file my_file16.cif (mmCIF, C-alpha atoms)
data_query
loop_
_atom_site.label_atom_id
_atom_site.label_comp_id
_atom_site.auth_asym_id
_atom_site.auth_seq_id
_atom_site.Cartn_x
_atom_site.Cartn_y
_atom_site.Cartn_z
CA MET A 1 0.00 0.00 0.00
CA LYS A 2 1.38 3.36 -1.00
CA VAL A 3 1.65 5.92 1.78
CA GLN A 4 2.20 9.59 0.95
CA SER A 5 3.04 12.36 3.38
CA LEU A 6 0.74 15.37 3.28
CA LEU A 7 3.47 17.67 2.06
CA THR A 8 3.01 16.25 -1.46
CA LEU A 9 0.33 17.70 -3.72
CA PHE A 10 -3.08 16.04 -3.82
CA THR A 11 -3.50 15.77 -7.58
CA PHE A 12 -5.19 12.43 -8.11
CA ALA A 13 -8.46 11.56 -9.83
CA VAL A 14 -10.38 9.63 -7.18
CA VAL A 15 -13.18 12.13 -6.59
CA SER A 16 -15.62 12.71 -9.43
CA GLN A 17 -17.58 15.53 -7.84
CA ALA A 18 -16.82 18.38 -5.51
CA ALA A 19 -17.23 17.80 -1.78
CA VAL A 20 -19.14 20.41 0.25
CA ILE A 21 -17.53 21.69 3.47
CA VAL A 22 -19.47 23.91 5.90
CA PRO A 23 -17.27 25.34 8.69
CA GLY A 24 -18.99 25.58 12.07
CA ALA A 25 -21.90 23.30 11.23
CA THR A 26 -22.56 20.05 13.06
CA TRP A 27 -20.65 17.40 11.10
CA THR A 28 -21.94 13.84 11.19
CA ASP A 29 -20.38 10.59 9.97
CA THR A 30 -21.90 8.08 7.56
CA SER A 31 -23.84 6.54 10.48
CA GLY A 32 -25.40 9.89 11.40
CA ASN A 33 -23.36 10.36 14.58
CA VAL A 34 -21.62 13.63 15.43
CA ILE A 35 -17.95 13.39 14.44
CA GLN A 36 -15.64 13.26 17.45
CA ALA A 37 -12.13 14.07 16.19
CA HIS A 38 -11.04 17.19 18.04
CA GLY A 39 -7.44 18.44 18.03
CA GLY A 40 -6.95 16.13 15.09
CA GLY A 41 -4.61 15.37 12.24
CA ILE A 42 -4.83 13.82 8.78
CA LEU A 43 -2.86 10.98 7.17
CA ARG A 44 -3.27 9.97 3.53
CA VAL A 45 -2.74 6.33 2.54
CA GLY A 46 -3.26 5.82 -1.18
CA SER A 47 -6.62 7.39 -2.01
CA THR A 48 -7.91 7.19 1.58
CA PHE A 49 -7.65 9.95 4.17
CA TYR A 50 -7.49 9.05 7.86
CA TRP A 51 -8.64 11.62 10.43
CA PHE A 52 -7.40 10.99 13.97
CA GLY A 53 -8.73 13.07 16.85
CA GLU A 54 -9.92 13.29 20.43
CA ASP A 55 -13.28 11.70 21.25
CA LYS A 56 -14.91 14.24 23.60
CA ALA A 57 -18.47 12.84 23.50
CA HIS A 58 -18.29 12.55 27.30
CA ASN A 59 -17.70 16.36 27.43
CA SER A 60 -14.62 15.89 29.59
CA GLY A 61 -10.92 16.50 29.12
CA SER A 62 -10.02 13.03 30.38
CA PHE A 63 -8.96 10.37 27.90
CA ARG A 64 -11.71 8.34 26.29
CA ALA A 65 -10.32 7.41 22.88
CA VAL A 66 -8.38 8.55 19.85
CA SER A 67 -10.92 8.13 17.09
CA CYS A 68 -10.18 7.14 13.50
CA TYR A 69 -12.33 8.19 10.53
CA THR A 70 -11.82 7.45 6.83
CA SER A 71 -12.77 9.41 3.72
CA SER A 72 -12.00 9.62 -0.01
CA ASP A 73 -13.06 13.27 -0.37
CA LEU A 74 -12.28 14.95 3.00
CA ALA A 75 -15.99 15.65 3.49
CA THR A 76 -17.74 12.28 3.89
CA TRP A 77 -16.36 10.44 6.91
CA ALA A 78 -16.91 6.88 8.20
CA ARG A 79 -15.93 5.99 11.74
CA GLN A 80 -13.66 2.98 12.14
CA ASN A 81 -12.43 1.25 15.29
CA ASP A 82 -10.84 3.48 17.93
CA ALA A 83 -7.15 3.89 17.19
CA LEU A 84 -6.04 4.26 20.82
CA THR A 85 -7.91 3.59 24.06
CA PRO A 86 -6.99 3.95 27.76
CA VAL A 87 -4.49 1.52 29.29
CA SER A 88 -4.94 1.16 33.04
CA GLY A 89 -1.88 1.80 35.18
CA THR A 90 -0.07 3.80 32.49
CA SER A 91 0.25 7.45 31.47
CA ILE A 92 -2.77 6.99 29.18
CA SER A 93 -5.30 5.70 31.68
CA SER A 94 -8.85 7.07 31.64
CA SER A 95 -7.88 9.61 34.32
CA ASN A 96 -5.09 11.07 32.18
CA ILE A 97 -4.96 13.47 29.23
CA VAL A 98 -4.36 12.48 25.60
CA GLU A 99 -4.59 15.36 23.13
CA ARG A 100 -3.68 16.35 19.54
CA PRO A 101 -2.95 12.87 18.10
CA LYS A 102 -0.93 12.88 14.87
CA VAL A 103 0.08 9.82 12.83
CA ILE A 104 2.93 9.38 10.34
CA PHE A 105 4.19 6.33 8.46
CA ASN A 106 7.68 4.91 8.91
CA LYS A 107 8.56 3.37 5.55
CA ALA A 108 11.67 1.57 6.81
CA ASN A 109 9.69 -0.24 9.52
CA SER A 110 6.36 -0.46 7.62
CA GLU A 111 4.82 0.99 10.75
CA TYR A 112 2.36 3.72 11.65
CA VAL A 113 3.52 5.87 14.54
CA MET A 114 1.21 8.06 16.59
CA TRP A 115 2.45 10.98 18.66
CA PHE A 116 0.26 12.89 21.11
CA HIS A 117 0.31 15.26 24.06
CA SER A 118 0.38 13.00 27.13
CA ASP A 119 -0.40 14.56 30.49
CA THR A 120 -1.89 14.25 33.93
CA SER A 121 -5.30 15.74 34.71
CA ASN A 122 -3.67 18.91 36.11
CA TYR A 123 -1.30 19.23 33.12
CA GLY A 124 1.67 18.74 35.41
CA ALA A 125 3.51 16.04 33.43
CA ALA A 126 3.88 17.98 30.14
CA GLN A 127 4.95 14.97 28.08
CA VAL A 128 4.60 13.47 24.64
CA GLY A 129 3.31 9.95 24.10
CA VAL A 130 4.08 7.42 21.36
CA ALA A 131 2.10 4.44 20.10
CA THR A 132 2.51 2.18 17.07
CA ALA A 133 0.44 0.00 14.73
CA LYS A 134 0.81 -1.96 11.51
CA THR A 135 -2.41 -0.59 9.99
CA PRO A 136 -3.59 3.04 9.79
CA CYS A 137 -6.47 2.79 12.29
CA GLY A 138 -4.64 0.29 14.45
CA PRO A 139 -5.48 -0.33 17.23
CA TYR A 140 -2.23 1.23 18.41
CA SER A 141 0.02 -0.19 21.11
CA PHE A 142 1.21 2.34 23.66
CA LYS A 143 5.00 2.54 23.94
CA SER A 144 5.86 5.35 26.36
CA SER A 145 5.35 8.91 27.55
CA PHE A 146 8.28 11.24 28.20
CA GLN A 147 9.58 14.80 28.09
CA PRO A 148 11.52 15.30 24.83
CA LEU A 149 15.18 16.00 25.53
CA GLY A 150 14.19 16.45 29.18
CA ALA A 151 12.03 19.51 28.51
CA GLN A 152 8.29 20.09 28.78
CA SER A 153 5.98 19.45 25.84
CA ARG A 154 2.34 20.49 25.88
CA ASP A 155 0.49 21.43 22.68
CA MET A 156 2.27 19.64 19.85
CA GLY A 157 2.22 18.48 16.27
CA ILE A 158 4.26 16.27 13.94
CA TYR A 159 5.73 17.16 10.55
CA GLN A 160 7.20 14.71 8.03
CA ASP A 161 9.51 16.23 5.42
CA ASP A 162 10.10 15.25 1.77
CA ASP A 163 13.05 13.04 2.66
CA GLY A 164 11.09 11.08 5.26
CA SER A 165 12.65 12.77 8.26
CA ALA A 166 10.12 13.64 10.94
CA TYR A 167 9.93 16.46 13.48
CA LEU A 168 8.13 17.16 16.74
CA LEU A 169 6.61 20.66 16.96
CA TYR A 170 5.91 21.58 20.57
CA ALA A 171 5.25 24.25 23.18
CA SER A 172 7.90 23.99 25.88
CA ASP A 173 9.27 25.70 29.00
CA ASN A 174 5.87 26.57 30.50
CA ASN A 175 4.59 27.43 27.01
CA GLN A 176 7.10 30.25 26.66
CA ASN A 177 9.34 28.79 23.97
CA PHE A 178 8.36 26.87 20.86
CA LYS A 179 10.67 24.08 19.72
CA ILE A 180 11.16 21.88 16.68
CA SER A 181 13.09 18.66 17.26
CA LYS A 182 14.04 15.89 14.86
CA LEU A 183 12.85 12.35 15.58
CA ASP A 184 15.07 9.29 15.50
CA SER A 185 14.95 6.88 12.54
CA ASN A 186 12.19 4.77 14.15
CA TYR A 187 10.10 7.85 15.05
CA TYR A 188 10.00 6.57 18.64
CA ASN A 189 12.03 9.33 20.27
CA VAL A 190 13.57 12.76 19.78
CA ALA A 191 17.15 12.80 18.46
CA ASN A 192 18.08 16.49 18.57
CA GLN A 193 16.62 19.99 18.60
CA ALA A 194 16.50 21.64 15.19
CA SER A 195 15.31 25.14 16.10
CA SER A 196 13.52 27.22 18.70
CA ILE A 197 11.44 30.38 18.69
CA GLN A 198 12.16 31.99 22.04
CA GLY A 199 9.32 33.74 23.85
CA ALA A 200 6.83 32.74 21.15
CA THR A 201 4.06 31.48 23.51
CA LEU A 202 2.98 29.40 20.53
CA GLU A 203 0.80 26.28 20.47
CA ALA A 204 -1.49 24.21 18.20
CA PRO A 205 1.15 24.00 15.44
CA GLY A 206 1.16 22.77 11.86
CA ILE A 207 3.59 23.10 8.95
CA VAL A 208 3.11 23.36 5.19
CA LYS A 209 6.07 23.35 2.79
CA ARG A 210 5.62 25.39 -0.37
CA ASN A 211 8.23 26.22 -3.02
CA GLY A 212 11.04 25.28 -0.65
CA VAL A 213 9.72 27.49 2.17
CA TYR A 214 8.38 26.10 5.46
CA TYR A 215 5.24 27.81 6.77
CA LEU A 216 4.64 27.25 10.48
CA PHE A 217 1.07 27.92 11.65
CA GLY A 218 -0.10 28.18 15.23
CA SER A 219 -2.00 30.11 17.85
CA HIS A 220 -0.79 31.92 20.92
CA THR A 221 -1.70 30.66 24.40
CA SER A 222 -5.02 31.97 25.73
CA GLY A 223 -6.57 28.89 27.29
CA TRP A 224 -9.77 27.76 25.59
CA ASP A 225 -10.44 31.25 24.22
CA PRO A 226 -9.46 31.87 20.59
CA ASN A 227 -6.85 34.38 19.47
CA PRO A 228 -5.41 35.62 16.15
CA ASN A 229 -3.48 32.64 14.76
CA LYS A 230 -0.14 33.39 13.10
CA PHE A 231 2.32 32.08 10.55
CA PHE A 232 6.12 32.10 10.47
CA THR A 233 8.44 31.20 7.59
CA SER A 234 11.88 29.68 7.22
CA SER A 235 13.96 28.17 4.43
CA SER A 236 15.09 25.44 6.82
CA LEU A 237 13.62 23.66 9.83
CA SER A 238 16.93 24.28 11.57
CA GLY A 239 17.18 27.88 10.45
CA LYS A 240 15.94 31.21 11.71
CA TRP A 241 12.18 31.82 11.61
CA SER A 242 10.59 35.05 10.45
CA SER A 243 8.53 37.32 12.65
CA GLU A 244 4.87 36.41 12.98
CA ALA A 245 2.09 37.52 10.62
CA ASP A 246 -1.69 37.07 10.60
CA ILE A 247 -3.65 34.51 8.59
CA ALA A 248 -7.00 36.25 9.25
CA PRO A 249 -8.25 39.68 10.41
CA GLN A 250 -7.17 40.02 14.03
CA ASN A 251 -10.57 41.03 15.40
CA THR A 252 -12.13 37.74 14.24
CA ARG A 253 -9.70 35.75 16.41
CA THR A 254 -9.27 33.38 13.46
CA TYR A 255 -13.05 33.20 13.10
CA PHE A 256 -13.27 31.84 16.64
CA SER A 257 -11.01 28.86 16.04
CA GLN A 258 -7.59 27.40 16.80
CA ASN A 259 -5.31 25.68 14.32
CA THR A 260 -4.81 21.94 14.71
CA PHE A 261 -3.47 20.77 11.31
CA ASP A 262 -2.88 22.13 7.82
CA ILE A 263 -3.44 20.00 4.71
CA PRO A 264 -1.64 20.95 1.48
CA ILE A 265 -3.94 20.38 -1.50
CA SER A 266 -2.12 22.11 -4.37
CA ASN A 267 0.58 24.72 -4.73
CA ASP A 268 -2.14 27.37 -4.55
CA PHE A 269 -3.89 26.44 -1.33
CA ALA A 270 -4.06 24.24 1.73
CA ILE A 271 -6.87 23.46 4.16
CA TYR A 272 -6.74 25.21 7.52
CA MET A 273 -8.11 22.71 10.06
CA GLY A 274 -9.30 24.51 13.19
CA ASP A 275 -11.26 23.67 16.32
CA ARG A 276 -13.98 25.94 17.69
CA TRP A 277 -13.58 24.87 21.30
CA ARG A 278 -16.51 24.89 23.70
CA PRO A 279 -14.99 23.96 27.08
CA SER A 280 -18.31 23.60 28.90
CA LEU A 281 -19.43 21.05 26.27
CA LEU A 282 -16.25 19.77 24.64
CA GLY A 283 -18.11 17.20 22.58
CA SER A 284 -20.04 20.06 20.94
CA SER A 285 -16.88 21.83 19.79
CA ARG A 286 -17.12 22.40 16.04
CA TYR A 287 -14.65 22.07 13.17
CA ILE A 288 -13.61 25.17 11.23
CA TRP A 289 -12.03 24.12 7.94
CA TYR A 290 -11.26 26.93 5.50
CA PRO A 291 -9.21 27.26 2.33
CA LEU A 292 -5.79 28.71 3.16
CA SER A 293 -4.82 30.60 0.02
CA TRP A 294 -1.49 31.99 -1.20
CA SER A 295 -3.17 34.12 -3.90
CA SER A 296 -1.93 37.33 -2.25
CA GLY A 297 1.59 35.97 -1.82
CA SER A 298 1.25 35.04 1.84
CA PRO A 299 -1.20 32.54 3.35
CA LYS A 300 -4.63 33.93 4.23
CA ILE A 301 -7.81 32.17 5.31
CA VAL A 302 -10.72 32.39 2.86
CA ALA A 303 -13.71 32.67 5.20
CA ALA A 304 -16.31 30.85 3.10
CA ASP A 305 -19.55 29.81 4.84
CA VAL A 306 -19.97 26.99 2.33
CA TRP A 307 -17.27 25.81 -0.06
CA THR A 308 -16.56 22.93 -2.35
CA LEU A 309 -13.34 20.97 -2.68
CA ASP A 310 -12.38 19.23 -5.93
CA LEU A 311 -9.42 16.99 -5.13
CA SER A 312 -8.97 15.75 -8.68
CA ALA A 313 -8.49 19.32 -9.91
CA GLY A 314 -6.76 20.55 -6.76
CA THR A 315 -9.18 23.48 -6.51
CA TYR A 316 -11.80 24.96 -4.22
CA THR A 317 -14.83 27.16 -4.88
CA ALA A 318 -16.51 29.42 -2.33
CA ALA A 319 -20.27 29.06 -2.75
CA THR A 320 -22.32 32.11 -3.64
CA GLY A 321 -25.56 33.00 -1.93
CA THR A 322 -28.23 35.66 -1.67
CA THR A 323 -27.88 38.20 1.15
CA TYR A 324 -30.85 39.50 3.14
CA GLU A 325 -30.20 42.39 5.52
CA ALA A 326 -31.82 42.10 8.95
CA GLU A 327 -32.78 45.79 9.17
CA LYS A 328 -34.79 45.41 5.95
CA ALA A 329 -36.77 42.40 7.20
CA ALA A 330 -40.00 42.45 9.24
CA ILE A 331 -39.04 43.35 12.83
CA SER A 332 -41.40 42.29 15.64
CA GLY A 333 -41.87 42.85 19.36
CA SER A 334 -39.04 44.44 21.33
CA ALA A 335 -36.47 43.99 18.54
CA LYS A 336 -35.10 47.19 17.08
CA THR A 337 -32.53 48.40 14.59
CA MET A 338 -29.10 49.45 15.76
CA SER A 339 -26.01 50.88 14.11
CA GLY A 340 -22.36 49.92 14.11
CA SER A 341 -19.40 50.16 11.77
CA GLY A 342 -18.88 46.40 11.82
CA PHE A 343 -22.30 45.66 10.32
CA SER A 344 -22.93 45.51 6.59
CA GLY A 345 -24.70 48.74 5.70
CA SER A 346 -23.75 49.89 9.23
CA SER A 347 -27.07 48.50 10.56
CA ALA A 348 -28.32 45.39 12.34
CA VAL A 349 -31.22 44.25 14.53
CA GLY A 350 -30.78 43.91 18.29
CA TYR A 351 -32.87 42.98 21.34
CA LEU A 352 -33.82 39.71 19.73
CA GLY A 353 -35.37 37.06 21.94
CA LYS A 354 -37.61 37.72 24.94
CA GLY A 355 -40.36 38.81 22.56
CA GLY A 356 -38.19 40.29 19.82
CA SER A 357 -37.87 38.55 16.46
CA VAL A 358 -37.21 39.24 12.80
CA THR A 359 -38.75 37.57 9.74
CA PHE A 360 -37.14 37.45 6.30
CA THR A 361 -38.86 36.73 3.01
CA VAL A 362 -36.40 34.73 0.91
CA GLN A 363 -36.32 32.75 -2.30
CA GLY A 364 -35.76 29.00 -2.04
CA ALA A 365 -34.89 26.20 -4.43
CA GLY A 366 -37.25 23.51 -3.12
CA LYS A 367 -34.64 21.59 -1.10
CA ALA A 368 -32.55 21.67 2.05
CA GLN A 369 -30.28 24.72 1.88
CA TRP A 370 -27.55 26.22 4.01
CA VAL A 371 -28.41 29.52 5.66
CA ALA A 372 -25.64 31.50 7.38
CA LEU A 373 -26.57 33.84 10.24
CA TYR A 374 -24.22 36.81 10.56
CA TYR A 375 -24.32 38.08 14.13
CA ALA A 376 -22.42 40.01 16.82
CA ASN A 377 -22.25 38.72 20.40
CA ALA A 378 -20.28 40.99 22.73
CA ASP A 379 -20.84 38.74 25.77
CA SER A 380 -17.99 36.72 27.21
CA THR A 381 -20.19 33.62 26.96
CA TRP A 382 -22.06 31.94 24.13
CA ARG A 383 -25.62 32.87 23.25
CA ASN A 384 -28.10 31.00 21.08
CA THR A 385 -31.06 31.76 18.87
CA THR A 386 -33.95 29.96 17.22
CA ILE A 387 -34.58 29.83 13.50
CA SER A 388 -37.49 28.34 11.57
CA ALA A 389 -38.68 28.22 7.97
CA ASN A 390 -42.29 28.80 6.95
CA GLY A 391 -43.64 28.48 10.48
CA GLY A 392 -42.10 25.03 10.98
CA ALA A 393 -40.23 23.63 13.95
CA SER A 394 -37.52 25.84 15.41
CA VAL A 395 -33.85 24.90 15.24
CA LEU A 396 -31.54 26.09 18.01
CA VAL A 397 -28.34 27.73 16.75
CA ASP A 398 -25.34 28.38 19.01
CA GLN A 399 -23.71 31.82 18.79
CA PRO A 400 -20.15 31.93 20.20
CA ASN A 401 -18.95 35.28 21.49
CA THR A 402 -17.48 37.40 18.72
CA GLY A 403 -14.93 39.32 20.76
CA GLY A 404 -16.85 42.46 21.63
CA GLY A 405 -18.31 45.50 19.90
CA THR A 406 -19.77 44.93 16.48
CA VAL A 407 -17.37 42.20 15.35
CA VAL A 408 -19.45 39.90 13.14
CA LEU A 409 -19.11 36.13 12.67
CA SER A 410 -21.34 33.62 10.90
CA VAL A 411 -22.90 30.32 11.90
CA PRO A 412 -24.54 28.02 9.30
CA VAL A 413 -27.72 26.01 9.66
CA LYS A 414 -29.57 23.83 7.11
CA LEU A 415 -33.25 24.57 6.48
CA ASN A 416 -35.80 22.99 4.15
CA LEU A 417 -36.98 25.72 1.78
CA ASN A 418 -39.80 25.62 -0.74
CA SER A 419 -39.32 26.53 -4.36
CA GLY A 420 -40.08 30.24 -4.61
CA SER A 421 -41.03 32.44 -1.66
CA ASN A 422 -40.31 31.41 1.96
CA THR A 423 -40.28 33.03 5.37
CA ILE A 424 -37.39 32.56 7.79
CA THR A 425 -37.98 33.73 11.37
CA VAL A 426 -35.13 34.27 13.81
CA SER A 427 -35.35 34.48 17.64
CA ALA A 428 -39.09 33.80 18.02
CA ASN A 429 -40.37 31.94 21.10
CA GLN A 430 -37.18 32.09 23.15
CA ASN A 431 -36.78 33.38 26.68
CA ASN A 432 -33.14 34.45 26.40
CA TYR A 433 -31.63 37.29 24.44
CA ALA A 434 -29.99 36.26 21.20
CA ALA A 435 -27.03 37.98 19.58
CA ASP A 436 -27.52 41.03 17.38
CA LEU A 437 -28.32 39.98 13.82
CA ASP A 438 -26.59 41.66 10.90
CA LYS A 439 -27.89 39.60 7.95
CA ILE A 440 -28.50 36.12 6.62
CA VAL A 441 -27.10 34.52 3.47
CA VAL A 442 -29.07 31.76 1.71
CA TYR A 443 -26.93 29.31 -0.29
CA THR A 444 -28.03 26.84 -2.94
CA ALA A 445 -25.14 24.40 -2.33
CA THR A 446 -26.17 21.33 -0.31
#
call {"tool": "encode", "arguments": {"input": "my_file16.cif", "output": "structure tokens"}}
result
Amino acid sequence: MKVQSLLTLFTFAVVSQAAVIVPGATWTDTSGNVIQAHGGGILRVGSTFYWFGEDKAHNSGSFRAVSCYTSSDLATWARQNDALTPVSGTSISSSNIVERPKVIFNKANSEYVMWFHSDTSNYGAAQVGVATAKTPCGPYSFKSSFQPLGAQSRDMGIYQDDDGSAYLLYASDNNQNFKISKLDSNYYNVANQASSIQGATLEAPGIVKRNGVYYLFGSHTSGWDPNPNKFFTSSSLSGKWSSEADIAPQNTRTYFSQNTFDIPISNDFAIYMGDRWRPSLLGSSRYIWYPLSWSSGSPKIVAADVWTLDLSAGTYTAATGTTYEAEKAAISGSAKTMSGSGFSGSSAVGYLGKGGSVTFTVQGAGKAQWVALYYANADSTWRNTTISANGGASVLVDQPNTGGGTVVLSVPVKLNLNSGSNTITVSANQNNYAADLDKIVVYTAT
């Protein structure tokens, strides 16, 4: 079986139609269950992609399982057996922490090697863990947990270069310094440190190599709260790294997400894999996957509500939709218009919920369609709102905080719309205040 590292270009004709990706929506597997693969990473084996991640269905930080999902298009995922499960009496028992699992293939040993952040429940151990298997989903056999080169390792990632050499990317020294260390030939241990970014306070790393340049992506340390993720560049993994630069507008805090892995698709773009963490309900944390484009010369996230990925062509397309401004819709009850420079047209509708609602008249295509709600939530906590089509049952939509003021983010929801005219009502029949609503966008892509 041919195994390719993700630094090669995905130009193979195994997908005949574009796959639809909707960042922030609830993603389900082929059995209809919510995908549990948080803090994850991707491995490609032939024409199959393997997604490893943390199973947080129990809504706890303690170790339940490293899940394994398979796909041929990066959008339709089937759950396989758990790749790694707790081992009593070891550093990966059910009372310990296992985070950010990443798997690479060792060609010399014909072996799959998983690395992960291994820790105690109070994050006092600050170790990496290693497990191995002869098949991609395993199950994996736990080998050991340790501090690489005697130094702390918390948030981490793994990068495999063109020549097969592999590197640990990790936050060290109480998260103050970020280090890159080369693995030994078996990928079981760390051989030597290649480089370090002192005082970086960097975590959640990933690397993409493009035109001989290494692009290091990561977030700063702010607990479970998102922050503006950055990129650094270097011509060598052992060389000096550039100063940091943004991959998204700073006020969006990377569209309320944190990098976990970055998948090169062609020389023009990669996929930014992010987690939208919800610490009070970790199993409800969502996946934020966006195109990461070099069209401007440096990597920038393309914040598409709905986008399609064509692996055979190595291209993506951001879906187009019809925009309906909230201030131009029918406003009811205590809801009222408000102004702010962050809103489109400088206007939005606030005081929604607790009797306030807004109803849009939109055109539908006679099928289930994605509808993105653009909102501003200045609270430090999440809000939620209801949405319904044509007087039907309400759907509850979570609204993460947007960082204050009139910073606007979007959350997608799928609604069944009739062909022709439809009504969409937001925030009716709810006892809590919803976020301020800027607009909605109705997409035809499904």
call {"tool": "resolve_selection", "arguments": {"input": "my_file16.cif", "expression": "the PyMOL selection byres ((chain A and resi 328) around 10)", "output": "list in words"}}
result
Tyr324, Glu325, Ala326, Glu327, Ala329, Ala330, Ile331, Thr337, Ser347, Ala348, Val349, Val358, Thr359, Phe360 and Lys439 of chain A
call {"tool": "atom_distance", "arguments": {"input": "my_file16.cif", "atom1": "CA of Gln160 (chain A)", "atom2": "CA of Cys137 (chain A)"}}
result
18.6 Å
call {"tool": "closest_atom_pairs", "arguments": {"input": "my_file16.cif", "of": "region 272-370 of chain A", "to": "region 71-83 of chain A", "cutoff": "12 Å", "atoms": "all atoms listed in the file", "output": "tab-separated table"}}
result
residue	atom	partner	partner_atom	distance
A:Met273	CA	A:Leu74	CA	11.3
A:Tyr287	CA	A:Ala75	CA	11.7
A:Trp289	CA	A:Ala75	CA	10.4
A:Trp307	CA	A:Ala75	CA	10.8
A:Thr308	CA	A:Ala75	CA	9.4
A:Leu309	CA	A:Asp73	CA	8.0
A:Asp310	CA	A:Asp73	CA	8.2
A:Leu311	CA	A:Asp73	CA	7.1
A:Ser312	CA	A:Asp73	CA	9.6
A:Gly314	CA	A:Asp73	CA	11.6
call {"tool": "write_last_selection", "arguments": {"input": "my_file16.cif", "atoms": "C-alpha atoms", "output": "PDB file, in the coordinates of the input"}}
result
ATOM      1  CA  MET A 273      -8.110  22.710  10.060  1.00  0.00           C
ATOM      2  CA  TYR A 287     -14.650  22.070  13.170  1.00  0.00           C
ATOM      3  CA  TRP A 289     -12.030  24.120   7.940  1.00  0.00           C
ATOM      4  CA  TRP A 307     -17.270  25.810  -0.060  1.00  0.00           C
ATOM      5  CA  THR A 308     -16.560  22.930  -2.350  1.00  0.00           C
ATOM      6  CA  LEU A 309     -13.340  20.970  -2.680  1.00  0.00           C
ATOM      7  CA  ASP A 310     -12.380  19.230  -5.930  1.00  0.00           C
ATOM      8  CA  LEU A 311      -9.420  16.990  -5.130  1.00  0.00           C
ATOM      9  CA  SER A 312      -8.970  15.750  -8.680  1.00  0.00           C
ATOM     10  CA  GLY A 314      -6.760  20.550  -6.760  1.00  0.00           C
TER      11      GLY A 314
END
call {"tool": "resolve_selection", "arguments": {"input": "my_file16.cif", "expression": "the PyMOL selection byres ((chain A and resi 146) around 9)", "output": "PyMOL selection string"}}
result
chain A and resi 118+125-130+144-145+147-150+152-153+189
call {"tool": "residues_around", "arguments": {"input": "my_file16.cif", "residues": "region 381-392 of chain A", "least_positions_apart": "3", "cutoff": "7 Å", "atoms": "all atoms listed in the file", "output": "PDB file with C-alpha atoms, in the coordinates of the input"}}
result
ATOM      1  CA  VAL A 395     -33.850  24.900  15.240  1.00  0.00           C
ATOM      2  CA  LEU A 396     -31.540  26.090  18.010  1.00  0.00           C
ATOM      3  CA  VAL A 397     -28.340  27.730  16.750  1.00  0.00           C
ATOM      4  CA  ASP A 398     -25.340  28.380  19.010  1.00  0.00           C
ATOM      5  CA  GLN A 399     -23.710  31.820  18.790  1.00  0.00           C
ATOM      6  CA  PRO A 400     -20.150  31.930  20.200  1.00  0.00           C
ATOM      7  CA  ASN A 401     -18.950  35.280  21.490  1.00  0.00           C
ATOM      8  CA  LEU A 415     -33.250  24.570   6.480  1.00  0.00           C
ATOM      9  CA  LEU A 417     -36.980  25.720   1.780  1.00  0.00           C
ATOM     10  CA  ASN A 422     -40.310  31.410   1.960  1.00  0.00           C
ATOM     11  CA  THR A 423     -40.280  33.030   5.370  1.00  0.00           C
ATOM     12  CA  ILE A 424     -37.390  32.560   7.790  1.00  0.00           C
ATOM     13  CA  THR A 425     -37.980  33.730  11.370  1.00  0.00           C
ATOM     14  CA  VAL A 426     -35.130  34.270  13.810  1.00  0.00           C
ATOM     15  CA  SER A 427     -35.350  34.480  17.640  1.00  0.00           C
ATOM     16  CA  ALA A 428     -39.090  33.800  18.020  1.00  0.00           C
ATOM     17  CA  ALA A 434     -29.990  36.260  21.200  1.00  0.00           C
ATOM     18  CA  ALA A 435     -27.030  37.980  19.580  1.00  0.00           C
TER      19      ALA A 435
END
call {"tool": "build_atoms", "arguments": {"input": "my_file16.cif", "residues": "region 408-416 of chain A", "atoms": "N, CA and C atoms", "output": "PDB file, keeping the file's coordinate frame"}}
result
ATOM      1  N   VAL A 408     -18.420  40.791  13.669  1.00  0.00           N
ATOM      2  CA  VAL A 408     -19.450  39.900  13.140  1.00  0.00           C
ATOM      3  C   VAL A 408     -18.832  38.574  12.716  1.00  0.00           C
ATOM      4  N   LEU A 409     -19.456  37.468  13.127  1.00  0.00           N
ATOM      5  CA  LEU A 409     -19.110  36.130  12.670  1.00  0.00           C
ATOM      6  C   LEU A 409     -20.362  35.479  12.095  1.00  0.00           C
ATOM      7  N   SER A 410     -20.190  34.320  11.473  1.00  0.00           N
ATOM      8  CA  SER A 410     -21.340  33.620  10.900  1.00  0.00           C
ATOM      9  C   SER A 410     -21.418  32.201  11.424  1.00  0.00           C
ATOM     10  N   VAL A 411     -22.644  31.706  11.525  1.00  0.00           N
ATOM     11  CA  VAL A 411     -22.900  30.320  11.900  1.00  0.00           C
ATOM     12  C   VAL A 411     -23.907  29.752  10.900  1.00  0.00           C
ATOM     13  N   PRO A 412     -23.628  28.593  10.297  1.00  0.00           N
ATOM     14  CA  PRO A 412     -24.540  28.020   9.300  1.00  0.00           C
ATOM     15  C   PRO A 412     -25.551  27.058   9.900  1.00  0.00           C
ATOM     16  N   VAL A 413     -26.702  26.973   9.280  1.00  0.00           N
ATOM     17  CA  VAL A 413     -27.720  26.010   9.660  1.00  0.00           C
ATOM     18  C   VAL A 413     -28.429  25.571   8.388  1.00  0.00           C
ATOM     19  N   LYS A 414     -28.880  24.328   8.310  1.00  0.00           N
ATOM     20  CA  LYS A 414     -29.570  23.830   7.110  1.00  0.00           C
ATOM     21  C   LYS A 414     -31.066  23.846   7.355  1.00  0.00           C
ATOM     22  N   LEU A 415     -31.789  24.453   6.401  1.00  0.00           N
ATOM     23  CA  LEU A 415     -33.250  24.570   6.480  1.00  0.00           C
ATOM     24  C   LEU A 415     -33.867  24.026   5.189  1.00  0.00           C
ATOM     25  N   ASN A 416     -35.049  23.430   5.314  1.00  0.00           N
ATOM     26  CA  ASN A 416     -35.800  22.990   4.150  1.00  0.00           C
ATOM     27  C   ASN A 416     -36.608  24.161   3.612  1.00  0.00           C
TER      28      ASN A 416
END
